[in-house]
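Asks: Below you'll find input.txt; it's compact mmCIF, C-alpha atoms.
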# COMPACT_ATOMS: atom_id res chain seq x y z
CA MET A 1 85.62 -22.71 75.00
CA THR A 2 83.82 -26.06 74.99
CA PHE A 3 85.52 -29.12 73.55
CA LEU A 4 83.61 -32.09 72.18
CA THR A 5 84.20 -35.18 74.27
CA THR A 6 82.44 -38.47 74.68
CA ASP A 7 80.91 -37.01 77.84
CA ASN A 8 78.79 -34.46 75.96
CA ILE A 9 77.72 -36.57 72.98
CA ASN A 10 73.95 -36.94 72.82
CA PRO A 11 73.17 -40.44 74.15
CA GLY A 12 70.14 -40.50 71.87
CA PHE A 13 72.27 -40.77 68.71
CA ALA A 14 71.75 -43.80 66.50
CA PRO A 15 74.60 -46.33 66.39
CA GLU A 16 77.26 -45.53 63.81
CA HIS A 17 76.45 -48.59 61.70
CA ASP A 18 72.79 -47.58 61.34
CA GLN A 19 73.30 -46.00 57.93
CA PRO A 20 73.03 -47.35 54.37
CA VAL A 21 75.18 -50.47 53.95
CA PRO A 22 78.40 -49.65 52.00
CA TYR A 23 78.01 -52.38 49.41
CA ILE A 24 80.77 -51.17 47.08
CA ARG A 25 83.36 -51.24 49.87
CA ARG A 26 82.04 -54.45 51.39
CA THR A 27 82.09 -56.40 48.12
CA ARG A 28 85.57 -55.14 47.28
CA GLU A 29 86.94 -56.26 50.66
CA TRP A 30 85.02 -59.54 50.43
CA TYR A 31 86.46 -60.64 47.09
CA LEU A 32 89.97 -59.47 47.96
CA ALA A 33 89.81 -61.64 51.08
CA LEU A 34 88.64 -64.58 48.95
CA GLY A 35 91.79 -64.21 46.85
CA TYR A 36 90.50 -62.28 43.84
CA ASP A 37 93.00 -59.45 43.34
CA ASN A 38 91.11 -57.62 40.57
CA PRO A 39 88.44 -55.57 42.36
CA TYR A 40 85.28 -55.02 40.34
CA VAL A 41 85.00 -51.58 38.75
CA TRP A 42 81.47 -50.29 39.25
CA ALA A 43 79.70 -48.19 36.62
CA HIS A 44 80.00 -44.48 37.35
CA TYR A 45 78.63 -41.49 35.42
CA LEU A 46 78.55 -37.77 36.02
CA ASP A 47 75.84 -36.89 33.49
CA VAL A 48 72.41 -38.42 34.02
CA PRO A 49 69.56 -38.42 31.46
CA PHE A 50 66.13 -37.33 32.62
CA GLN A 51 62.75 -37.80 30.97
CA PRO A 52 59.87 -35.98 32.69
CA LEU A 53 56.59 -37.86 32.64
CA ARG A 54 54.87 -37.02 29.37
CA LYS A 55 51.42 -37.37 30.92
CA PRO A 56 49.96 -37.77 34.42
CA LEU A 57 50.47 -41.16 36.04
CA SER A 58 46.70 -41.61 36.01
CA GLU A 59 46.95 -41.67 32.21
CA SER A 60 50.28 -43.49 31.87
CA CYS A 61 51.10 -47.04 30.79
CA VAL A 62 53.46 -48.53 33.39
CA THR A 63 55.64 -51.62 33.31
CA MET A 64 58.08 -53.34 35.67
CA ILE A 65 61.61 -54.53 35.03
CA THR A 66 63.02 -57.13 37.40
CA THR A 67 66.17 -59.15 37.93
CA ALA A 68 64.18 -62.04 39.42
CA ALA A 69 64.08 -65.28 37.43
CA LEU A 70 61.14 -67.38 36.36
CA TYR A 71 61.11 -70.58 38.39
CA GLN A 72 62.88 -73.48 36.68
CA PRO A 73 62.02 -76.79 38.42
CA ASP A 74 65.00 -78.59 36.91
CA LYS A 75 67.58 -76.10 38.19
CA GLY A 76 67.88 -77.10 41.84
CA PRO A 77 66.77 -75.33 45.05
CA GLN A 78 65.12 -71.97 44.40
CA GLY A 79 62.55 -71.68 47.17
CA PRO A 80 62.52 -70.15 50.65
CA GLY A 81 65.88 -70.52 52.35
CA ALA A 82 67.63 -71.78 49.21
CA PRO A 83 71.39 -71.22 49.01
CA TYR A 84 72.92 -69.21 46.20
CA ASN A 85 72.09 -71.13 43.04
CA SER A 86 74.04 -70.09 39.95
CA ALA A 87 72.33 -72.85 37.92
CA ALA A 88 69.12 -70.77 37.97
CA LYS A 89 70.73 -67.75 36.31
CA PHE A 90 69.53 -66.39 32.98
CA TYR A 91 71.42 -64.38 30.37
CA LYS A 92 68.74 -63.31 27.92
CA VAL A 93 66.05 -60.68 28.41
CA TYR A 94 62.67 -62.31 28.94
CA SER A 95 59.14 -60.91 28.97
CA SER A 96 55.92 -62.23 30.49
CA GLU A 97 52.30 -61.14 30.50
CA MET A 98 51.24 -58.81 33.31
CA ALA A 99 47.74 -60.30 33.30
CA GLN A 100 49.01 -63.77 34.22
CA GLU A 101 50.31 -65.17 37.51
CA HIS A 102 54.05 -65.75 37.81
CA ASP A 103 56.46 -67.60 40.05
CA LEU A 104 59.57 -65.44 40.25
CA ARG A 105 62.56 -66.45 42.37
CA ILE A 106 65.79 -64.77 43.49
CA SER A 107 67.97 -67.73 44.49
CA HIS A 108 70.30 -67.00 41.54
CA VAL A 109 71.56 -63.69 42.95
CA GLY A 110 73.40 -62.50 46.05
CA ILE A 111 70.58 -61.27 48.27
CA ASP A 112 70.78 -61.12 52.08
CA ARG A 113 70.01 -64.73 52.97
CA LYS A 114 70.59 -64.29 56.69
CA HIS A 115 67.93 -61.67 57.28
CA THR A 116 65.27 -62.55 54.71
CA SER A 117 64.02 -65.97 53.67
CA MET A 118 62.73 -65.48 50.10
CA GLU A 119 59.24 -66.56 51.18
CA ASP A 120 57.16 -63.73 49.76
CA SER A 121 57.77 -62.72 46.14
CA CYS A 122 55.66 -59.59 46.68
CA SER A 123 58.66 -58.14 48.52
CA TRP A 124 60.70 -58.14 45.30
CA PHE A 125 58.03 -58.30 42.57
CA PRO A 126 55.05 -56.02 43.38
CA LEU A 127 52.67 -57.17 40.66
CA TYR A 128 49.66 -57.40 42.99
CA ALA A 129 50.29 -53.93 44.40
CA LEU A 130 50.70 -52.51 40.91
CA ARG A 131 47.46 -54.15 39.78
CA GLY A 132 45.79 -52.45 42.73
CA ALA A 133 47.22 -49.09 41.63
CA ALA A 134 45.77 -49.63 38.16
CA ALA A 135 42.38 -50.67 39.53
CA SER A 136 42.18 -47.57 41.73
CA GLY A 137 43.18 -45.24 38.89
CA ARG A 138 46.49 -44.30 40.49
CA ILE A 139 48.13 -45.32 37.22
CA GLY A 140 46.47 -45.35 33.84
CA ARG A 141 47.06 -48.97 32.94
CA LEU A 142 49.50 -51.84 33.19
CA ALA A 143 51.66 -52.55 30.18
CA ALA A 144 50.99 -55.85 28.46
CA ARG A 145 54.29 -57.28 29.72
CA PHE A 146 56.96 -56.95 32.38
CA HIS A 147 60.59 -57.71 31.55
CA GLY A 148 63.46 -59.62 33.13
CA ALA A 149 66.97 -58.16 32.88
CA PRO A 150 69.97 -60.49 33.17
CA THR A 151 72.38 -59.67 35.99
CA ASN A 152 75.38 -59.63 33.70
CA ARG A 153 78.72 -58.58 35.18
CA SER A 154 79.70 -57.37 31.72
CA GLN A 155 78.62 -53.75 31.70
CA GLN A 156 79.33 -53.59 27.97
CA HIS A 157 76.94 -56.46 27.25
CA THR A 158 74.26 -54.90 29.42
CA ILE A 159 74.62 -51.54 27.69
CA GLU A 160 74.98 -52.78 24.11
CA VAL A 161 72.64 -55.80 24.09
CA ASP A 162 70.23 -55.96 27.02
CA CYS A 163 69.36 -52.26 27.34
CA PRO A 164 68.36 -51.83 23.67
CA GLU A 165 66.36 -55.06 23.80
CA ILE A 166 64.39 -53.93 26.85
CA LEU A 167 63.83 -50.51 25.28
CA ALA A 168 62.47 -52.09 22.09
CA ARG A 169 60.05 -54.25 24.08
CA CYS A 170 58.87 -51.30 26.16
CA LYS A 171 58.38 -49.17 23.06
CA GLY A 172 56.45 -51.98 21.44
CA ASP A 173 54.07 -52.07 24.41
CA GLY A 174 53.54 -48.30 24.45
CA VAL A 175 55.17 -47.86 27.86
CA ASP A 176 55.32 -44.37 29.39
CA ALA A 177 57.05 -45.26 32.67
CA ALA A 178 58.92 -48.18 34.21
CA LEU A 179 59.52 -49.36 37.76
CA LEU A 180 62.92 -51.06 38.08
CA LEU A 181 63.31 -53.56 40.94
CA PRO A 182 66.84 -54.90 41.52
CA ASN A 183 67.90 -57.49 44.10
CA CYS A 184 71.64 -58.13 44.48
CA PRO A 185 74.49 -55.57 44.22
CA ILE A 186 75.11 -56.32 40.52
CA CYS A 187 71.34 -56.22 39.95
CA HIS A 188 71.34 -52.63 41.20
CA GLN A 189 74.01 -51.70 38.69
CA THR A 190 72.25 -53.56 35.88
CA LEU A 191 68.92 -51.81 36.39
CA SER A 192 70.61 -48.45 36.88
CA LEU A 193 72.11 -48.88 33.41
CA VAL A 194 68.73 -49.97 32.03
CA GLY A 195 67.04 -46.96 33.62
CA ARG A 196 69.58 -44.58 32.12
CA HIS A 197 69.01 -46.07 28.66
CA LEU A 198 65.23 -45.89 28.88
CA GLU A 199 65.34 -42.27 30.08
CA ALA A 200 67.68 -41.29 27.25
CA ASN A 201 65.10 -42.70 24.87
CA GLY A 202 61.92 -41.11 26.22
CA ILE A 203 60.68 -43.46 28.97
CA SER A 204 60.49 -42.22 32.57
CA THR A 205 61.86 -44.55 35.24
CA VAL A 206 62.36 -45.03 38.95
CA VAL A 207 64.76 -47.53 40.48
CA MET A 208 63.27 -49.02 43.66
CA GLY A 209 66.13 -50.64 45.51
CA CYS A 210 68.16 -51.25 48.66
CA ALA A 211 71.80 -50.57 47.60
CA LYS A 212 72.04 -46.79 47.81
CA ASP A 213 75.74 -46.41 47.09
CA ILE A 214 75.70 -48.50 43.91
CA VAL A 215 72.69 -46.76 42.37
CA GLU A 216 73.81 -43.24 43.21
CA TYR A 217 77.40 -43.97 42.13
CA CYS A 218 76.13 -45.10 38.73
CA GLY A 219 73.81 -42.10 38.48
CA VAL A 220 70.10 -42.50 37.77
CA PRO A 221 67.19 -40.11 37.20
CA ARG A 222 65.01 -41.23 40.13
CA PHE A 223 65.67 -43.58 43.02
CA LEU A 224 63.47 -44.80 45.86
CA PHE A 225 65.83 -46.13 48.53
CA SER A 226 64.46 -48.65 51.02
CA ASP A 227 66.90 -49.29 53.86
CA PHE A 228 66.09 -53.02 53.88
CA PRO A 229 68.18 -56.18 53.36
CA LEU A 230 68.86 -56.99 49.71
CA GLY A 231 65.94 -58.86 48.17
CA ASN A 232 63.20 -56.62 49.59
CA ALA A 233 63.03 -53.71 47.15
CA ALA A 234 59.22 -53.80 47.11
CA GLY A 235 58.59 -53.85 50.86
CA ARG A 236 58.76 -56.11 53.90
CA PRO A 237 57.75 -59.76 53.30
CA HIS A 238 54.27 -60.83 54.44
CA ASP A 239 53.42 -57.18 55.01
CA PRO A 240 50.97 -55.98 52.32
CA PRO A 241 50.64 -52.47 53.83
CA SER A 242 54.43 -52.07 53.66
CA GLN A 243 54.40 -53.25 50.05
CA ALA A 244 51.57 -50.89 49.11
CA GLN A 245 53.36 -47.98 50.81
CA THR A 246 56.64 -48.77 49.08
CA LEU A 247 54.94 -48.80 45.69
CA GLU A 248 53.23 -45.51 46.47
CA PHE A 249 56.57 -43.94 47.45
CA GLY A 250 58.01 -45.14 44.13
CA LEU A 251 55.13 -43.63 42.20
CA ARG A 252 55.50 -40.35 44.07
CA VAL A 253 59.17 -39.96 43.21
CA LEU A 254 58.38 -40.96 39.63
CA GLU A 255 55.89 -38.12 39.23
CA SER A 256 57.43 -35.48 41.50
CA ALA A 257 61.12 -35.46 40.53
CA THR A 258 62.12 -32.22 38.81
CA GLY A 259 65.53 -33.37 37.63
CA PRO A 260 68.03 -36.25 37.59
CA ARG A 261 69.70 -37.76 40.65
CA THR A 262 66.50 -37.44 42.68
CA THR A 263 66.61 -39.84 45.64
CA MET A 264 63.79 -40.38 48.09
CA GLN A 265 64.41 -42.53 51.15
CA SER A 266 61.49 -44.59 52.34
CA PRO A 267 60.59 -43.78 55.97
CA LEU A 268 59.91 -47.47 56.63
CA ARG A 269 62.41 -49.36 58.78
CA TRP A 270 63.23 -53.04 58.53
CA SER A 271 63.38 -53.43 62.30
CA ALA A 272 64.18 -51.47 65.43
CA ASP A 273 67.56 -53.22 65.62
CA ALA A 274 69.97 -52.21 62.84
CA ASP A 275 72.51 -54.95 63.52
CA TRP A 276 71.44 -56.72 60.32
CA LYS A 277 73.50 -54.12 58.45
CA LEU A 278 76.71 -55.58 59.87
CA ASP A 279 76.41 -59.02 58.27
CA TYR A 280 76.19 -58.84 54.48
CA CYS A 281 79.59 -59.49 52.82
CA ASN A 282 81.37 -58.51 56.03
CA ILE A 283 84.62 -60.44 55.84
CA ALA A 284 85.53 -59.40 59.39
CA ARG A 285 82.76 -61.70 60.64
CA LYS A 286 84.17 -64.81 58.94
CA THR A 287 86.75 -67.28 60.22
CA PRO A 288 89.67 -68.46 58.02
CA GLU A 289 87.87 -71.78 57.57
CA GLU A 290 84.68 -70.05 56.45
CA ILE A 291 86.64 -67.88 54.02
CA ALA A 292 88.25 -70.97 52.44
CA ALA A 293 84.84 -72.62 52.04
CA LEU A 294 83.42 -69.44 50.55
CA ARG A 295 86.24 -69.28 48.02
CA ALA A 296 85.52 -72.84 46.88
CA GLU A 297 81.79 -72.12 46.70
CA THR A 298 82.39 -68.92 44.72
CA ASP A 299 84.74 -70.65 42.27
CA HIS A 300 82.14 -73.35 41.63
CA GLY A 301 79.33 -70.81 41.18
CA LYS A 302 81.38 -68.75 38.75
CA GLU A 303 82.15 -71.82 36.63
CA VAL A 304 78.50 -72.88 36.49
CA ALA A 305 77.40 -69.35 35.59
CA LYS A 306 80.11 -69.11 32.92
CA GLN A 307 78.90 -72.30 31.26
CA ILE A 308 75.29 -71.10 31.26
CA ARG A 309 76.26 -67.71 29.89
CA GLU A 310 78.44 -69.13 27.12
CA LYS A 311 75.79 -71.67 26.11
CA THR A 312 72.99 -69.09 26.18
CA LEU A 313 74.84 -66.46 24.17
CA ALA A 314 76.20 -69.04 21.72
CA VAL A 315 72.67 -70.24 20.98
CA ARG A 316 71.48 -66.68 20.47
CA GLY A 317 74.42 -65.89 18.19
CA ALA A 318 73.64 -68.92 16.02
CA ARG A 319 70.09 -67.73 15.33
What is this file in structure tokens?

Replies:
Amino acid sequence: MTFLTTDNINPGFAPEHDQPVPYIRRTREWYLALGYDNPYVWAHYLDVPFQPLRKPLSESCVTMITTAALYQPDKGPQGPGAPYNSAAKFYKVYSSEMAQEHDLRISHVGIDRKHTSMEDSCSWFPLYALRGAAASGRIGRLAARFHGAPTNRSQQHTIEVDCPEILARCKGDGVDAALLLPNCPICHQTLSLVGRHLEANGISTVVMGCAKDIVEYCGVPRFLFSDFPLGNAAGRPHDPPSQAQTLEFGLRVLESATGPRTTMQSPLRWSADADWKLDYCNIARKTPEEIAALRAETDHGKEVAKQIREKTLAVRGAR
């Protein structure tokens, strides 16, 4: 009889941490360590709606739904290397013309700031790649508009207000299929909920994201998983071939899935070294002094976001 010991383990194995980052566990441990004793309850479904493509992609009208924000010059740092900026958050669905150029930023959400610099918006908003797909005939046409979904921690508000609003706008534009591109952990939940709602109402979707556990825990029809740092759902920055490949992988899973909970993992790697996976929201890598500073920073960000949310929703309610 042969017993498994460390002596006969294949030395060619990948390191244990070279697997999808456990964002649900990490964020729970992170906020508990910061003193918040009410762990966030993530959306979780067993049943998943599924809408097969009604026509070939080469004949379909395709849109994008993003959690990135339109640049607001009066809202503080939002460019490359910017710290988390809750002042740049938005709490109402917005839409903008696909035919125009746009400056979309992700400073308002919790992306991986250590391993990506927010320099290339094509890595989270693949408008140029999608235009190329339309020009080549890979997709039928671009929808008139893309849509921005607020990263609202209130699942009820997302489901009851934002999802129906996005559906109405997509229906109005004659959309057949939607690419959903989240950024932070909550973004992945938000767009998973949006995708479920669109599918239940006749629009095919694919979530293209980097937080595998959150998307699959929620339950979505189709998911392209890129094992990249948060904020790079559309490919590596400054790497157009990577961005074109990532879009093509998303289109393939959109048209090839035969049922719900279809996940395709992109074969692209962020780098040969997987140590970047050990950093995001890893409380074990923080000193007590850093934890105290993070708590103060988080408290301030939550208060700013609360004021923006209350003001935004109060204005909408008054109309």

Asks: Would you kindly return, as a list in words, each protein, DNA or RNA residue with an atom no farther than 8 Å from any atom of range 280-293 of chain A, considering all atoms listed in the file and excluding same-chain residues fewer than 6 positions away?

Replies: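 Residues near the query, excluding close chain neighbours: Arg26, Thr27, Glu29, Trp30, Ala33, Leu34 and Asp112 of chain A.
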
Asks: Would you kindly return, as a count of residues only, each protein, DNA or RNA residue with an atom no farther than 12 Å from any atom of Gly202 in chain A, considering all atoms listed in the file and excluding same-chain residues fewer than 6 positions away?

Replies: 17

Asks: Using all atoms of range 19-36 of chain A listed in the file and a margin of 3 Å per side, can you give the axis-aligned box centre and edge lengths in Å to one decimal, as AutoDock Vina command-line options?

Replies:
--center_x 82.4 --center_y -55.3 --center_z 50.9 --size_x 24.8 --size_y 24.6 --size_z 20.1

Asks: Separation of CA of Pro150 in chain A and CA of Ala68 in chain A, in Å?

Replies: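 We find that CA of Pro150 in chain A and CA of Ala68 in chain A lie 8.7 Å from each other.
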
Asks: Around (74.7, -71.6, 49.4) in the file's frame, which residues reach within 10 Å when counting all atoms listed in the file? Return as a ChimeraX atom specification?

Replies: /A:77,81-86,107,110,113,294,297-298,301

Asks: In Å, how far is it from CA of Ile214 in chain A to CA of Leu254 in chain A?

Replies: 19.4 Å

Asks: I'd like the contact shell of Val220 in chain A - 7 Å cut-off, all atoms listed in the file, skipping same-chain residues fewer than 3 positions apart - returned as a JSON list (two decimals) with C-alpha atoms, in the coordinates of the input.

Replies:
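What follows is the written file result.json:
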[["chain", "number", "residue", "atom", "x", "y", "z"],
["A", 48, "VAL", "CA", 72.41, -38.42, 34.02],
["A", 192, "SER", "CA", 70.61, -48.45, 36.88],
["A", 195, "GLY", "CA", 67.04, -46.96, 33.62],
["A", 196, "ARG", "CA", 69.58, -44.58, 32.12],
["A", 215, "VAL", "CA", 72.69, -46.76, 42.37],
["A", 216, "GLU", "CA", 73.81, -43.24, 43.21],
["A", 223, "PHE", "CA", 65.67, -43.58, 43.02],
["A", 260, "PRO", "CA", 68.03, -36.25, 37.59],
["A", 261, "ARG", "CA", 69.70, -37.76, 40.65]]

Asks: Using only C-alpha atoms, pick whichever of A:Thr258, A:Lys75, A:Pro22, A:Ala14 has the shortest atom-to-atom distance to Ala211 in chain A.

Replies: A:Pro22

Asks: What's the separation between CA of His147 in chain A and CA of Leu179 in chain A, in Å to one decimal place?

Replies: 10.5 Å

Asks: What lies within 10 Å of Ala129 in chain A using only C-alpha atoms, ignoring chain neighbours under 2 positions off, as a list in words?

Replies: Cys122, Phe125, Pro126, Leu127, Arg131, Gly132, Ala133, Ala134, Ala135, Ala234, Pro240, Pro241, Gln243, Ala244, Gln245, Thr246, Leu247 and Glu248 of chain A

Asks: Identify the residues within 9 Å of coordinate (65.0, -48.9, 48.5) (same frame as the file), considering all atoms listed in the file, and give the answer as a PDB file with C-alpha atoms, in the coordinates of the input.

Replies:
ATOM      1  CA  VAL A 207      64.760 -47.530  40.480  1.00  0.00           C
ATOM      2  CA  MET A 208      63.270 -49.020  43.660  1.00  0.00           C
ATOM      3  CA  GLY A 209      66.130 -50.640  45.510  1.00  0.00           C
ATOM      4  CA  CYS A 210      68.160 -51.250  48.660  1.00  0.00           C
ATOM      5  CA  ALA A 211      71.800 -50.570  47.600  1.00  0.00           C
ATOM      6  CA  LYS A 212      72.040 -46.790  47.810  1.00  0.00           C
ATOM      7  CA  PHE A 223      65.670 -43.580  43.020  1.00  0.00           C
ATOM      8  CA  LEU A 224      63.470 -44.800  45.860  1.00  0.00           C
ATOM      9  CA  PHE A 225      65.830 -46.130  48.530  1.00  0.00           C
ATOM     10  CA  SER A 226      64.460 -48.650  51.020  1.00  0.00           C
ATOM     11  CA  ASP A 227      66.900 -49.290  53.860  1.00  0.00           C
ATOM     12  CA  PHE A 228      66.090 -53.020  53.880  1.00  0.00           C
ATOM     13  CA  ASN A 232      63.200 -56.620  49.590  1.00  0.00           C
ATOM     14  CA  ALA A 233      63.030 -53.710  47.150  1.00  0.00           C
ATOM     15  CA  ALA A 234      59.220 -53.800  47.110  1.00  0.00           C
ATOM     16  CA  GLY A 235      58.590 -53.850  50.860  1.00  0.00           C
ATOM     17  CA  THR A 246      56.640 -48.770  49.080  1.00  0.00           C
ATOM     18  CA  MET A 264      63.790 -40.380  48.090  1.00  0.00           C
ATOM     19  CA  GLN A 265      64.410 -42.530  51.150  1.00  0.00           C
ATOM     20  CA  SER A 266      61.490 -44.590  52.340  1.00  0.00           C
TER      21      SER A 266
END

Asks: Using only C-alpha atoms, which residue out of A:Leu142, A:Ile111, A:Val62, A:Leu198 lies closest to Met98 in chain A?

Replies: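 Result for the nearest residue to Met98 in chain A: A:Leu142.
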
Asks: For Ala144 in chain A, please output as a PyMOL selection string all residues within 9 Å (counting all atoms listed in the file; exclusion window: fewer than 3 positions along the same chain).

Replies: chain A and resi 63+96-99+173-174

Asks: Give the answer as one residue: which of A:Phe90, A:Trp270, A:Tyr36, A:Tyr217 has the shortest atom-to-atom distance to Asp239 in chain A, using all atoms listed in the file?

Replies: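 Closest candidate: A:Trp270.
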